[in-house]
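Colleague: Sending over run_39.cif (mmCIF, C-alpha atoms).
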data_input
loop_
_atom_site.label_atom_id
_atom_site.label_comp_id
_atom_site.auth_asym_id
_atom_site.auth_seq_id
_atom_site.Cartn_x
_atom_site.Cartn_y
_atom_site.Cartn_z
CA CYS A 1 5.30 -18.93 -3.58
CA VAL A 2 6.38 -18.81 0.06
CA GLN A 3 3.25 -18.34 2.12
CA LYS A 4 0.88 -20.78 0.43
CA PRO A 5 2.96 -23.94 1.02
CA ILE A 6 3.47 -22.76 4.61
CA ASP A 7 -0.29 -22.49 5.03
CA PHE A 8 -0.64 -26.17 4.13
CA ILE A 9 2.26 -27.20 6.36
CA MET A 10 0.81 -25.28 9.31
CA GLU A 11 -2.82 -26.40 8.95
CA ASP A 12 -2.88 -28.99 11.75
CA ILE A 13 -0.81 -26.77 14.07
CA ARG A 14 -3.10 -23.79 13.49
CA LYS A 15 -6.13 -25.91 14.25
CA ARG A 16 -4.74 -26.85 17.67
CA ASP A 17 -3.56 -23.27 18.23
CA ALA A 18 -7.10 -21.97 17.60
CA GLU A 19 -8.51 -24.23 20.32
CA ASN A 20 -5.87 -23.18 22.83
CA LEU A 21 -6.19 -19.50 21.96
CA LYS A 22 -9.91 -19.82 22.67
CA ARG A 23 -9.16 -21.40 26.07
CA GLU A 24 -6.70 -18.62 26.86
CA LYS A 25 -9.16 -15.91 25.86
CA GLU A 26 -11.91 -17.41 28.03
CA TRP A 27 -9.52 -17.53 31.00
CA LYS A 28 -8.49 -13.90 30.50
CA GLU A 29 -12.13 -12.77 30.34
CA GLU A 30 -12.85 -14.69 33.53
CA MET A 31 -9.92 -12.98 35.26
CA MET A 32 -11.21 -9.57 34.16
CA ARG A 33 -14.67 -10.30 35.58
CA LYS A 34 -13.28 -11.39 38.95
CA GLY A 35 -11.10 -8.30 39.35
CA ALA A 36 -9.16 -8.48 42.62
CA ASN A 37 -10.95 -11.63 43.74
CA LYS A 38 -8.53 -14.01 45.46
CA ASP A 39 -10.33 -17.05 44.09
CA LYS A 40 -8.96 -16.56 40.59
CA ARG A 41 -8.37 -19.70 38.58
CA LYS A 42 -4.79 -20.49 37.62
CA ARG A 43 -3.67 -20.12 34.03
CA PRO A 44 -4.88 -23.18 32.05
CA GLU A 45 -2.34 -25.97 31.52
CA ASN A 46 -1.18 -27.34 28.16
CA LEU A 47 -1.67 -24.03 26.36
CA ILE A 48 0.56 -25.10 23.50
CA ILE A 49 0.38 -22.25 20.98
CA GLN A 50 3.10 -22.64 18.37
CA GLU A 51 2.42 -19.89 15.85
CA ILE A 52 3.25 -16.54 17.41
CA ASP A 53 2.59 -13.00 16.30
CA ALA A 54 5.36 -11.13 14.54
CA ASP A 55 5.03 -8.19 16.97
CA MET A 56 5.24 -10.33 20.12
CA THR A 57 7.19 -8.85 23.02
CA ASN A 58 10.18 -10.55 24.59
CA PRO A 59 8.36 -11.64 27.80
CA ALA A 60 5.47 -13.06 25.75
CA PHE A 61 7.94 -14.96 23.59
CA VAL A 62 9.56 -16.51 26.67
CA MET A 63 6.15 -17.45 28.10
CA ARG A 64 4.97 -19.06 24.84
CA THR A 65 8.24 -21.01 24.63
CA ALA A 66 7.87 -22.28 28.19
CA GLU A 67 4.27 -23.37 27.60
CA ALA A 68 5.06 -25.06 24.27
CA LYS A 69 6.36 -28.20 26.05
CA GLU A 70 9.39 -28.47 23.73
CA HIS A 71 7.35 -27.90 20.57
CA PHE A 72 8.85 -25.39 18.15
CA LEU A 73 7.37 -21.92 17.83
CA TYR A 74 6.94 -20.39 14.40
CA THR A 75 6.29 -16.97 12.92
CA SER A 76 6.20 -15.49 9.45
CA LEU A 77 7.27 -11.86 9.01
CA ASN A 78 6.29 -9.75 6.03
CA GLU A 79 9.31 -7.56 6.76
CA ILE A 80 12.49 -8.45 8.64
CA ASP A 81 12.26 -5.36 10.88
CA GLN A 82 9.14 -6.81 12.54
CA PHE A 83 11.72 -8.74 14.58
CA ASP A 84 12.38 -5.48 16.44
CA ALA A 85 9.46 -6.20 18.76
CA LEU A 86 11.58 -8.97 20.29
CA LYS A 87 14.70 -6.88 20.82
CA GLY A 88 13.91 -5.90 24.40
CA SER A 89 16.97 -4.13 25.81
CA GLY A 90 20.09 -4.59 23.74
CA TYR A 91 19.00 -6.07 20.40
CA GLN A 92 17.84 -9.37 21.87
CA GLN A 93 16.26 -10.32 18.53
CA PHE A 94 19.70 -11.08 17.11
CA ARG A 95 20.53 -13.20 20.13
CA ILE A 96 17.27 -15.12 19.64
CA MET A 97 18.19 -15.71 15.98
CA CYS A 98 21.52 -17.20 17.08
CA LEU A 99 20.13 -19.31 19.91
CA ALA A 100 17.38 -20.71 17.68
CA PHE A 101 20.19 -22.30 15.67
CA ASP A 102 22.27 -23.52 18.63
CA PRO A 103 21.18 -26.77 20.33
CA GLY A 104 20.93 -26.93 24.11
CA ASN A 105 20.71 -23.15 24.47
CA LEU A 106 19.28 -21.32 27.47
CA TYR A 107 17.35 -18.06 27.37
CA GLY A 108 14.89 -16.21 29.55
CA GLN A 109 14.38 -13.50 32.07
CA THR A 110 14.14 -13.07 35.82
CA ARG A 111 11.72 -10.53 37.29
CA VAL A 112 10.77 -9.77 40.89
CA GLY A 113 7.12 -8.91 40.19
CA THR A 114 4.59 -11.62 41.06
CA GLN A 115 2.79 -11.08 37.74
CA SER A 116 5.97 -10.92 35.66
CA VAL A 117 7.26 -13.70 33.44
CA THR A 118 10.20 -15.47 35.09
CA GLU A 119 11.38 -18.39 32.96
CA ARG A 120 14.53 -20.04 31.64
CA VAL A 121 13.83 -21.86 28.39
CA THR A 122 15.52 -23.59 25.49
CA ILE A 123 14.61 -21.68 22.36
CA ARG A 124 13.04 -23.82 19.66
CA PHE A 125 12.02 -21.34 17.02
CA ASN A 126 11.42 -21.51 13.28
CA TRP A 127 10.80 -18.37 11.28
CA ASN A 128 10.91 -16.90 7.83
CA ALA A 129 10.96 -13.27 6.81
CA SER A 130 10.74 -11.39 3.55
CA THR A 131 12.43 -8.11 2.72
CA THR A 132 14.18 -6.27 -0.08
CA ILE A 133 17.88 -6.91 -0.62
CA HIS A 134 18.97 -3.42 0.42
CA LYS A 135 16.78 -3.36 3.52
CA GLY A 136 18.07 -6.78 4.56
CA ILE A 137 21.67 -5.65 4.17
CA ARG A 138 21.00 -2.55 6.31
CA TYR A 139 19.20 -4.60 8.97
CA PHE A 140 22.17 -6.90 9.60
CA LYS A 141 24.99 -4.38 9.07
CA ARG A 142 25.66 -3.96 12.82
CA VAL A 143 25.93 -7.70 13.48
CA LEU A 144 27.86 -8.92 10.43
CA THR A 145 30.53 -10.58 12.58
CA ASP A 146 28.29 -11.54 15.53
CA GLY A 147 26.76 -14.75 14.20
CA PRO A 148 23.21 -14.18 12.86
CA VAL A 149 24.19 -14.06 9.19
CA SER A 150 26.01 -17.42 9.26
CA ARG A 151 23.07 -19.09 11.06
CA ILE A 152 20.32 -17.94 8.67
CA ASN A 153 19.43 -19.55 5.35
CA PHE A 154 19.20 -16.81 2.70
CA CYS A 155 17.34 -16.93 -0.61
CA THR A 156 16.56 -14.32 -3.22
CA ILE A 157 14.58 -13.74 -6.39
CA PRO A 158 16.70 -13.63 -9.56
CA GLU A 159 16.89 -10.12 -10.97
CA ARG A 160 14.90 -9.57 -14.16
CA ASP A 161 16.09 -7.60 -17.13
CA ILE A 162 14.33 -4.25 -17.45
CA GLY A 163 11.12 -4.67 -19.41
CA GLU A 164 11.19 -8.46 -19.22
CA ASP A 165 7.87 -10.26 -18.77
CA ILE A 166 6.70 -10.66 -15.18
CA PRO A 167 6.81 -14.35 -14.12
CA ILE A 168 3.41 -16.02 -13.75
CA TYR A 169 3.30 -18.48 -10.87
CA GLY A 170 0.87 -21.32 -10.47
CA THR A 171 -1.42 -22.01 -7.54
CA TYR A 172 -1.19 -24.48 -4.68
CA ASP A 173 -4.51 -26.29 -4.77
CA GLU A 174 -6.22 -29.25 -3.13
CA GLU A 175 -4.12 -31.65 -5.16
CA PHE A 176 -0.97 -30.14 -3.68
CA ARG A 177 -2.42 -30.39 -0.17
CA ASN A 178 -3.15 -34.08 -0.67
CA SER A 179 0.29 -34.82 -2.08
CA LEU A 180 1.93 -33.01 0.85
CA LYS A 181 -0.09 -34.72 3.59
CA PRO A 182 1.85 -38.05 3.75
CA TYR A 183 5.11 -36.17 4.33
CA ILE A 184 3.59 -34.08 7.12
CA ASP A 185 2.13 -37.21 8.67
CA ASN A 186 5.58 -38.82 8.67
CA LEU A 187 7.02 -35.80 10.47
CA CYS A 188 4.22 -35.81 13.06
CA MET A 189 4.71 -39.50 13.80
CA ALA A 190 8.49 -39.26 14.23
CA SER A 191 9.86 -39.61 17.75
CA GLY A 192 13.11 -40.37 19.54
CA LEU A 193 16.58 -40.02 18.09
CA VAL A 194 16.74 -40.38 14.32
CA GLU A 195 20.10 -40.90 12.66
CA CYS A 196 20.59 -40.58 8.92
CA LYS A 197 23.98 -41.93 7.83
CA GLU A 198 23.48 -40.69 4.28
CA ALA A 199 22.90 -37.11 5.49
CA PHE A 200 26.02 -37.22 7.64
CA HIS A 201 28.11 -38.64 4.80
CA LEU A 202 26.82 -35.92 2.47
CA ALA A 203 27.74 -33.27 5.06
CA GLU A 204 31.29 -34.64 5.16
CA VAL A 205 31.53 -34.58 1.35
CA LEU A 206 30.22 -31.00 1.16
CA LYS A 207 32.59 -29.97 3.96
CA ASP A 208 35.53 -31.22 1.90
CA GLU A 209 34.22 -29.51 -1.23
CA ASN A 210 33.86 -26.23 0.66
CA ALA A 211 37.39 -26.59 2.06
CA GLU A 212 38.77 -27.20 -1.44
CA PHE A 213 37.06 -24.08 -2.78
CA SER A 214 38.34 -22.09 0.22
CA ARG A 215 41.91 -23.18 -0.51
CA LEU A 216 41.57 -22.20 -4.15
CA SER A 217 39.87 -18.87 -3.48
CA GLN A 218 41.82 -18.05 -0.30
CA ASP A 219 38.60 -16.45 0.95
CA ARG A 220 38.46 -16.59 4.74
CA VAL A 221 34.91 -15.17 4.86
CA TYR A 222 33.61 -17.90 2.55
CA GLU A 223 35.28 -20.57 4.66
CA ASN A 224 33.80 -19.23 7.89
CA LEU A 225 30.31 -19.00 6.40
CA SER A 226 30.57 -22.51 4.95
CA PHE A 227 30.80 -24.16 8.37
CA ARG A 228 27.24 -23.35 9.45
CA ALA A 229 25.90 -23.47 5.89
CA ASN A 230 26.97 -27.11 5.94
CA VAL A 231 25.07 -27.66 9.21
CA ILE A 232 21.97 -26.05 7.69
CA GLY A 233 22.24 -28.41 4.71
CA TYR A 234 22.63 -31.41 7.02
CA LEU A 235 19.54 -30.46 9.05
CA LYS A 236 17.50 -30.02 5.87
CA ALA A 237 18.60 -33.45 4.71
CA CYS A 238 17.50 -35.01 8.00
CA VAL A 239 14.06 -33.38 7.79
CA LEU A 240 13.57 -34.59 4.22
CA TYR A 241 14.74 -38.07 5.22
CA VAL A 242 12.12 -38.31 7.98
CA ALA A 243 9.39 -36.71 5.85
CA ASN A 244 10.13 -39.27 3.15
CA GLY A 245 9.40 -42.13 5.53
CA TYR A 246 13.04 -42.72 6.52
CA GLN A 247 13.96 -43.31 2.89
CA TRP A 248 17.01 -41.67 1.30
CA GLU A 249 16.80 -40.79 -2.38
CA PRO A 250 19.31 -39.28 -4.85
CA GLU A 251 16.99 -36.30 -5.29
CA ILE A 252 17.51 -35.36 -1.63
CA GLU A 253 21.27 -35.24 -2.15
CA ASP A 254 20.87 -33.19 -5.33
CA PHE A 255 18.62 -30.68 -3.59
CA ILE A 256 20.85 -30.33 -0.51
CA ARG A 257 23.98 -29.74 -2.60
CA TRP A 258 22.21 -27.10 -4.68
CA SER A 259 20.60 -25.55 -1.58
CA GLU A 260 23.90 -25.21 0.29
CA ARG A 261 25.66 -23.69 -2.71
CA TYR A 262 22.76 -21.29 -3.19
CA ASP A 263 22.79 -20.28 0.49
CA LEU A 264 26.52 -19.52 0.35
CA TYR A 265 26.11 -17.63 -2.93
CA CYS A 266 23.48 -15.36 -1.35
CA LYS A 267 25.54 -14.76 1.79
CA MET A 268 28.67 -13.88 -0.17
CA ARG A 269 26.75 -11.72 -2.63
CA PHE A 270 24.84 -9.73 -0.01
CA PHE A 271 27.29 -9.65 2.89
CA GLY A 272 30.72 -10.91 1.76
CA ASP A 273 32.42 -7.56 1.11
CA ALA A 274 30.80 -5.92 4.16
CA ILE A 275 31.99 -8.74 6.44
CA LYS A 276 35.55 -8.40 5.14
CA LYS A 277 35.45 -4.66 5.73
CA ALA A 278 34.01 -5.07 9.25
CA GLU A 279 36.67 -7.62 10.15
CA LEU A 280 39.46 -5.33 8.95
CA GLU A 281 38.04 -2.37 10.89
CA CYS A 282 37.67 -4.43 14.07
CA ASP A 283 41.02 -6.20 13.81
CA GLN A 284 42.96 -4.67 16.68
CA GLU A 285 45.01 -7.78 17.38
CA SER A 286 48.44 -6.97 18.79
CA LYS A 287 51.26 -8.63 16.89
CA ARG A 288 53.61 -8.47 19.88
CA GLY A 289 51.33 -8.78 22.88
CA PRO A 290 52.06 -6.75 26.04
CA ALA A 291 55.67 -5.61 26.35
CA SER A 292 57.81 -3.17 28.34
CA ILE A 293 58.55 0.09 26.56
CA LEU A 294 61.88 0.21 28.35
CA GLY A 295 62.75 -3.15 26.80
CA PHE A 296 62.67 -1.63 23.30
CA LEU A 297 65.35 0.96 24.19
CA PRO A 298 69.12 0.37 23.97
CA GLU A 299 71.31 0.32 27.09
CA GLU A 300 72.04 4.00 26.58
CA PHE A 301 69.42 6.34 25.15
CA ASN A 302 68.30 9.95 25.08
CA TYR A 303 65.02 11.83 25.38
CA GLN A 304 64.39 11.96 21.63
CA GLN A 305 64.64 8.17 21.32
CA VAL A 306 62.08 7.70 24.11
CA GLU A 307 59.72 10.24 22.56
CA ALA A 308 59.94 8.57 19.12
CA LEU A 309 59.27 5.16 20.67
CA ARG A 310 56.14 6.44 22.43
CA VAL A 311 54.79 7.87 19.18
CA GLU A 312 55.52 4.56 17.41
CA HIS A 313 53.41 2.76 20.05
CA LYS A 314 50.50 5.19 19.62
CA MET A 315 51.26 7.08 22.83
CA SER A 316 51.27 10.82 23.35
CA ALA A 317 54.66 12.55 22.95
CA LYS A 318 53.66 14.91 25.77
CA GLY A 319 53.90 12.12 28.31
CA THR A 320 57.60 11.46 27.66
CA MET A 321 58.99 13.66 30.43
CA LYS A 322 56.53 12.36 33.03
CA MET A 323 57.40 8.74 32.14
CA LEU A 324 61.17 9.42 32.39
CA ASN A 325 60.75 11.05 35.79
CA ASN A 326 58.73 8.05 36.95
CA TRP A 327 61.42 5.65 35.74
CA LEU A 328 64.11 7.69 37.49
CA PHE A 329 62.10 7.76 40.73
CA ARG A 330 61.54 3.99 40.57
CA GLY A 331 65.20 3.34 39.85
CA TYR A 332 64.65 1.72 36.44
CA ILE A 333 67.10 4.17 34.83
CA LYS A 334 69.65 6.79 35.87
CA VAL A 335 71.23 9.80 34.26
CA LYS A 336 74.62 9.02 32.77
CA GLU A 337 75.54 12.55 31.80
CA LYS A 338 73.93 15.88 31.25
CA ASP A 339 74.54 18.50 28.64
CA SER A 340 77.08 20.97 30.01
CA ASN A 341 74.89 23.92 29.04
CA THR A 342 71.65 22.83 30.76
CA GLN A 343 70.32 20.73 33.61
CA LEU A 344 67.16 19.73 31.68
CA LEU A 345 66.51 15.99 31.30
CA LYS A 346 65.51 16.64 27.71
CA TYR A 347 69.18 16.95 26.83
CA SER A 348 70.49 14.11 29.03
CA VAL A 349 71.77 10.61 28.30
CA PHE A 350 70.20 7.76 30.31
CA ILE A 351 71.29 4.21 31.08
CA LYS A 352 69.30 1.22 32.33
CA THR A 353 69.92 0.05 35.88
CA HIS A 354 68.31 -3.43 35.41
CA TYR A 355 66.64 -2.82 38.76
#
Mind turning this structure into structure tokens?

Modeller:
Amino acid sequence: CVQKPIDFIMEDIRKRDAENLKREKEWKEEMMRKGANKDKRKRPENLIIQEIDADMTNPAFVMRTAEAKEHFLYTSLNEIDQFDALKGSGYQQFRIMCLAFDPGNLYGQTRVGTQSVTERVTIRFNWNASTTIHKGIRYFKRVLTDGPVSRINFCTIPERDIGEDIPIYGTYDEEFRNSLKPYIDNLCMASGLVECKEAFHLAEVLKDENAEFSRLSQDRVYENLSFRANVIGYLKACVLYVANGYQWEPEIEDFIRWSERYDLYCKMRFFGDAIKKAELECDQESKRGPASILGFLPEEFNYQQVEALRVEHKMSAKGTMKMLNNWLFRGYIKVKEKDSNTQLLKYSVFIKTHY
């Protein structure tokens, strides 16, 4: 249901990729035969290879992107964790997911070695991955609030009742290929800036609908996820508009509205509660901002008041005496009177000097 339509969509790209992969292989074999020979031929030009392997390393990904001449790369992953090959140092795969969504991005690497890949590129990358629900939730659990989830379009298979008949799906045959071809041809012929007023208007309508639901539900996570879900819907609408020969149809609007709602449903179902929990755990926002501890004390105070105030501000009670001695040395406070039975500061009354 997923892979077969993609096979038809990718047919012309894979044909060109095969020719360029052959050229690259021949060049590599030639380099191996020449060994350390200084007369080695440079890497062939125009090696546009758009479909990449799921286990491609980070340097290879950067090189393929640079050679693609602004064409989009594509990969299909049988399991989401195949993305780990791209993580490099520091989970770079999640950064690539985010940058693939963001226009005008920059990504790359700088190496000193003469044979190393040194490139700065704009990531243009389409991908789809399959996984189970639980494995997908585990894979993204460390980056719930970092951006990948809101930038990805999620889909799922409706859960069957136990013992229910297994769905029987049809096949994508030659008739489907022929019916799809005009739309692919329209996409291949498109060039320049294409504006679709109907898609933009629909995005505005859906934005308002999402805002209305957010106000009614008072769900901050839903609202935050809806922003990029709306962008995803808009981009889908633009692609369908171009594929349809620059013709807008009511069916496009119906599909985009359903698709955006479905995307948000999946995100909230799979990640909504976990995102809320992660945001609460990470919320260390100060309600007061930086402030002087001395400013919270009255004009006259004793040791016990200072100690209690430190504990209230998540400070160690053991540091009370050291802090008071420091304040006395700096002239911030002075001793007003001491207990007649002891000379210890712990039993003294202090006053501010407003130094």

Colleague: From the options A:Leu47, A:Ile293, A:Ile9, A:Ala274, which residue's atoms come nearest to A:Leu187, counting all atoms listed in the file?

Modeller: A:Ile9

Colleague: Give me the residues near stretch 201-204 of chain A as number ranges by chain, where near means some atom within 8 Å (using all atoms listed in the file) and where sequence neighbours in that chain fewer than 5 positions away do not count.

Modeller: A: 230-231, 233-234, 253

Colleague: Could you list the residues chosen by the PyMOL selection byres ((chain A and resi 272) around 12) in this structure as number ranges by chain?

Modeller: A: 137, 141, 144-145, 149-150, 219-225, 264-271, 273-279

Colleague: Which value, in Å to one decimal, gives the distance between atom CA of A:Gly170 and atom CA of A:Pro158?

Modeller: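 Atom CA of A:Pro158 lies 17.6 Å from atom CA of A:Gly170.
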
Colleague: Go ahead and compute the interatomic distance for atom CA of A:Thr171 and atom CA of A:Glu19, in Å to one decimal.

Modeller: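 Interatomic distance, atom CA of A:Thr171 to atom CA of A:Glu19: 28.8 Å.
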
Colleague: In terms of the shortest atom-to-atom distance over all atoms listed in the file, which of A:Met63, A:Ile96, A:Ile162, A:Met32 is closest to A:Arg120?

Modeller: A:Met63

Colleague: Report the distance between atom CA of A:Gly136 and atom CA of A:Val239 in Å, rounded to one decimal place.

Modeller: 27.1 Å

Colleague: Tell me which of A:Arg124, A:Arg33, A:Arg151, A:Lys25 sits closest to A:Tyr74, counting only C-alpha atoms.

Modeller: A:Arg124

Colleague: What's the 9 Å shell around A:Asn186, counting only C-alpha atoms, without same-chain residues fewer than 2 positions away, as a ChimeraX atom specification?

Modeller: /A:181-184,188-190,242-246

Colleague: Any chance you can output those residues with C-alpha atoms as a PDB file, in the coordinates of the input?

Modeller:
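Below you can see result-v9.pdb, which holds the result:
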ATOM      1  CA  LYS A 181      -0.090 -34.720   3.590  1.00  0.00           C
ATOM      2  CA  PRO A 182       1.850 -38.050   3.750  1.00  0.00           C
ATOM      3  CA  TYR A 183       5.110 -36.170   4.330  1.00  0.00           C
ATOM      4  CA  ILE A 184       3.590 -34.080   7.120  1.00  0.00           C
ATOM      5  CA  CYS A 188       4.220 -35.810  13.060  1.00  0.00           C
ATOM      6  CA  MET A 189       4.710 -39.500  13.800  1.00  0.00           C
ATOM      7  CA  ALA A 190       8.490 -39.260  14.230  1.00  0.00           C
ATOM      8  CA  VAL A 242      12.120 -38.310   7.980  1.00  0.00           C
ATOM      9  CA  ALA A 243       9.390 -36.710   5.850  1.00  0.00           C
ATOM     10  CA  ASN A 244      10.130 -39.270   3.150  1.00  0.00           C
ATOM     11  CA  GLY A 245       9.400 -42.130   5.530  1.00  0.00           C
ATOM     12  CA  TYR A 246      13.040 -42.720   6.520  1.00  0.00           C
TER      13      TYR A 246
END

Colleague: Please expand the PyMOL selection byres ((chain A and resi 352) around 6) into the concrete residues it hits in this file, giving the result as a list in words.

Modeller: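 On the file shown, the PyMOL selection byres ((chain A and resi 352) around 6) covers Glu299, Ile333, Ile351, Thr353 and His354 of chain A.
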
Colleague: Would you pick out the contacts of A:Ala85 at 12 Å or less, using all atoms listed in the file, so that residues sharing its chain but fewer than 2 positions from it are not included, and give the list as a PyMOL selection string?

Modeller: chain A and resi 53-61+77+80-83+87-94+96

Colleague: Give me the residues within 8 Å of A:Ile48 as a PDB file with C-alpha atoms, in the coordinates of the input, counting only C-alpha atoms and dropping any in the same chain fewer than 2 places off.

Modeller:
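Below is the file around27.pdb, written as the result:
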ATOM      1  CA  ASP A  17      -3.560 -23.270  18.230  1.00  0.00           C
ATOM      2  CA  ASN A  20      -5.870 -23.180  22.830  1.00  0.00           C
ATOM      3  CA  ASN A  46      -1.180 -27.340  28.160  1.00  0.00           C
ATOM      4  CA  GLN A  50       3.100 -22.640  18.370  1.00  0.00           C
ATOM      5  CA  ARG A  64       4.970 -19.060  24.840  1.00  0.00           C
ATOM      6  CA  GLU A  67       4.270 -23.370  27.600  1.00  0.00           C
ATOM      7  CA  ALA A  68       5.060 -25.060  24.270  1.00  0.00           C
ATOM      8  CA  LYS A  69       6.360 -28.200  26.050  1.00  0.00           C
ATOM      9  CA  HIS A  71       7.350 -27.900  20.570  1.00  0.00           C
TER      10      HIS A  71
END

Colleague: Nearest to A:Gln305 among A:Leu280, A:Trp327, A:Phe350, A:Ala18, with distances taken over all atoms listed in the file: which residue is it?

Modeller: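 For A:Gln305, the nearest of the given residues is A:Phe350.
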
Colleague: How big is the axis-aligned box around all listed atoms of stretch 65-76 of chain A once 8 Å goes on each side, and where's its centre, in Å to one decimal, as JSON?

Modeller:
{"center_x": 6.8, "center_y": -22.0, "center_z": 18.8, "size_x": 21.1, "size_y": 29.0, "size_z": 34.7}

Colleague: Between A:Val194, A:Cys238, A:Leu73, A:Ala308, single out the one closest to A:Ile52, counting only C-alpha atoms.

Modeller: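 Comparing A:Val194, A:Cys238, A:Leu73, A:Ala308 against A:Ile52, the winner is A:Leu73.
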
Colleague: Which of these, A:Phe72, A:Trp127, A:Phe101, A:Phe176, has the shortest distance to A:Phe8 once you count only C-alpha atoms?

Modeller: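 Smallest distance to A:Phe8 is found for A:Phe176.
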